[in-house]
Amino acid sequence: MSKIILKDIDTRAPKEFDKKETKEKLEKILVELDALQNLLYAESRHSLLIVIQGMDASGKDGAVRNVFGKLNPQGVLVTSFKEPTKDELAHDFLWRIHLHAPAKGYIQIFNRSHYEDILITRVHKWCDDKTAAKRMKAINDFESLLHEHNNTEILKFYLHISPEEQKSRLEERINDRTKQWKYNENDFAEAKLWDEYMKMYEDCFEHCNDIPWTIVPTDQNWYKEYVIAAAVKETLQKLNMKFPGIKK
């Protein structure tokens, strides 16, 4: 990957994309995804890991709900990695991640992921640069392990939101009763560290890119969901999967 500079990438959909037409395309893709996920589960030769990263209020939960919500829940798993527990901290940083790596036939979604261990930890100086470099190498090796030894396809999405849109969405969590349950006063404190987060994300993109990142403009949710769904569809189609037939 060429070096990614986030401030040079638009957070809105390209002008040639019409909202109504794109949403219609998305609905057709979701129908195809349902069939592809069923085929993935039936063949049970491959798995798919989807990593979703982004700043607070970038729409990670919405992406999971609106892109994958119509698929068979028997074959789709979602894991969100919060602050490590005491037991998790007693192991290497990837131990808790590997426990949730997808089995063959499954789609596993990480709503936040192993990348938190080189992002928020560096922003808050809990992890120094030397340790971060070792962790980035370990992450590349880990993702290679999944791909080479378990036929796991990996898609990594960074939801690219503007500071202005983030501020609007965080304020909405205060004023909209249906979204107040999402409110966390610490989100506003984290938003003040925006520049440092961008620096750490760009370093992550540069050094953890054996499997490339997709930067998804996220100020408009309809475009974000289209980009993710289209990428998942393309990845599954390339597997050339077939139904196994009657088991003997």
# chains A, B, ... in the order shown; residues from 1 in each chain; ligands from 1
>>> residues_around(residues="region 76-92 of chain A", least_positions_apart="3", cutoff="9 Å", atoms="only C-alpha atoms", output="list in words")
Gln37, Val64, Phe68, Leu71, Asn72, Pro73, Trp95, Arg96, Ile97, His100, Pro102, Tyr106, Ile107, Gln108, Ile109, Phe110, Asn111, Arg112, Ser113, His114 and Glu116 of chain A
>>> residues_around(residues="Val232 (chain A)", least_positions_apart="2", cutoff="9 Å", atoms="only C-alpha atoms", output="PyMOL selection string")
chain A and resi 33+48+50+155+227-230+234-237
>>> write_last_selection(atoms="C-alpha atoms", output="PDB file, in the first residue's frame")
ATOM      1  CA  LEU A  33     -24.600 -11.921   0.294  1.00  0.00           C
ATOM      2  CA  LEU A  48     -14.009 -14.749   6.513  1.00  0.00           C
ATOM      3  CA  ILE A  50     -13.933  -8.752   8.905  1.00  0.00           C
ATOM      4  CA  LEU A 155     -11.023  -7.704   5.113  1.00  0.00           C
ATOM      5  CA  VAL A 227     -18.619  -0.053   0.185  1.00  0.00           C
ATOM      6  CA  ILE A 228     -18.404  -2.741   2.877  1.00  0.00           C
ATOM      7  CA  ALA A 229     -21.113  -4.932   1.368  1.00  0.00           C
ATOM      8  CA  ALA A 230     -19.613  -4.713  -2.116  1.00  0.00           C
ATOM      9  CA  GLU A 234     -16.467  -9.606  -4.207  1.00  0.00           C
ATOM     10  CA  THR A 235     -14.298 -11.513  -1.733  1.00  0.00           C
ATOM     11  CA  LEU A 236     -16.786 -14.366  -1.331  1.00  0.00           C
ATOM     12  CA  GLN A 237     -17.389 -14.629  -5.070  1.00  0.00           C
TER      13      GLN A 237
END
>>> residues_around(residues="Lys20 (chain A)", least_positions_apart="6", cutoff="12 Å", atoms="only C-alpha atoms", output="list in words")
Leu26, Glu27, Trp222, Tyr223 and Tyr226 of chain A
>>> atom_distance(atom1="CA of Ile154 (chain A)", atom2="CA of Ile5 (chain A)")
22.5 Å
>>> residues_around(residues="region 196-213 of chain A", least_positions_apart="5", cutoff="10 Å", atoms="only C-alpha atoms", output="ChimeraX atom specification")
/A:1-7,51,53-55,115-116,118-124,132-133,135-141,143-144,147,153-158,190-191
>>> select_by_dssp(residues="region 74-128 of chain A", states="helix (DSSP H, G or I)", output="PyMOL selection string")
chain A and resi 86-89+95-98+114-118+120-123
